[in-house]
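What follows is one structure encoded as structure tokens, with my remarks underneath.
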Amino acid sequence: MGKHNKISMDFNKKPFTVIYEITRACDLVCLHCRAEANTNRNPFELKTSEVFNLIEMIKEFEKPYPIFIITGGDPIKREDIFDIVYYASKNDIKVALTPSATPLITEEVIKKLKESGLNRIALSLDGSNEEIHDNFRGIKGTFNKTFEILNYADKYNLETQIHTTLTEFNYQDIPNIVELIKKINPKLWAIFLLIQVGRAKANNLKLINPL
């Protein structure tokens, strides 16, 4: 994994990150989705100007500011995502984005995100092969699309992060995923333990105790 710069921060005064679920809209149908996302955006999402106000609130913390993590749903479903990333970046706030691996992510999108000031992109990888990952994400082709996006990120020098949700679905595949992660060599590999909410509860996905 890549080396990390140590940041001195008093967590009694401010958080290390601010995570904003910018939309519930997403074109994937992941088995565990807590947001129970669908393809359509909610009309009650914050408007662009309101998101800018949120960023101004983050600025009320002293530097170094918390890292602004934009998640969803799929943030790329919002047409104003580049403006939002740029607004945060120009105000010296580091921005990370967790998009879904769908056809919406093209090389041009990655290039534009980088130019807008995005610091890191985080992608999900829940299996070491197409069958496991795609079945978990609910759409064929997401495994290969993930690696396509990683290649784009590498081309434009955009930091990458990998997320893996640990469930009964992929528990036995973890050693293979580890080997795959070594080849990808992201800045960070984050493992999430399943929480039975949303679709995870509806699909009765079983929790895994790693101990």
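Following the order of the structure tokens, first chain is A, next is B, and so on, with residues numbered from 1 inside each chain and ligands from 1 in the order they appear.
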
Using only C-alpha atoms, tabulate the residues of segment 68-94 of chain A lying at most 7 Å from any atom of segment 15-26 of chain A, each with its closest atom pair and that distance in Å to one decimal, by chain and increasing residue number, as CSV.
residue,atom,partner,partner_atom,distance
A:Phe68,CA,A:Val18,CA,5.0
A:Ile69,CA,A:Ile19,CA,4.7
A:Ile70,CA,A:Tyr20,CA,5.1
A:Thr71,CA,A:Glu21,CA,4.7
A:Gly72,CA,A:Glu21,CA,4.6
A:Gly73,CA,A:Arg24,CA,4.1
A:Asp74,CA,A:Cys26,CA,4.9
A:Pro75,CA,A:Ile22,CA,6.3
A:Lys77,CA,A:Ala25,CA,6.5

Item to check | Sel. of strand (DSSP E) residues, segment 9-204 of chain A, as JSON, numbers by chain | outcome: {"A": [17, 18, 19, 20, 21, 67, 68, 69, 70, 71, 95, 96, 97, 120, 121, 122, 123, 124, 159, 160, 161, 162, 163, 164, 165, 166, 188, 189, 190, 191, 192, 193]}
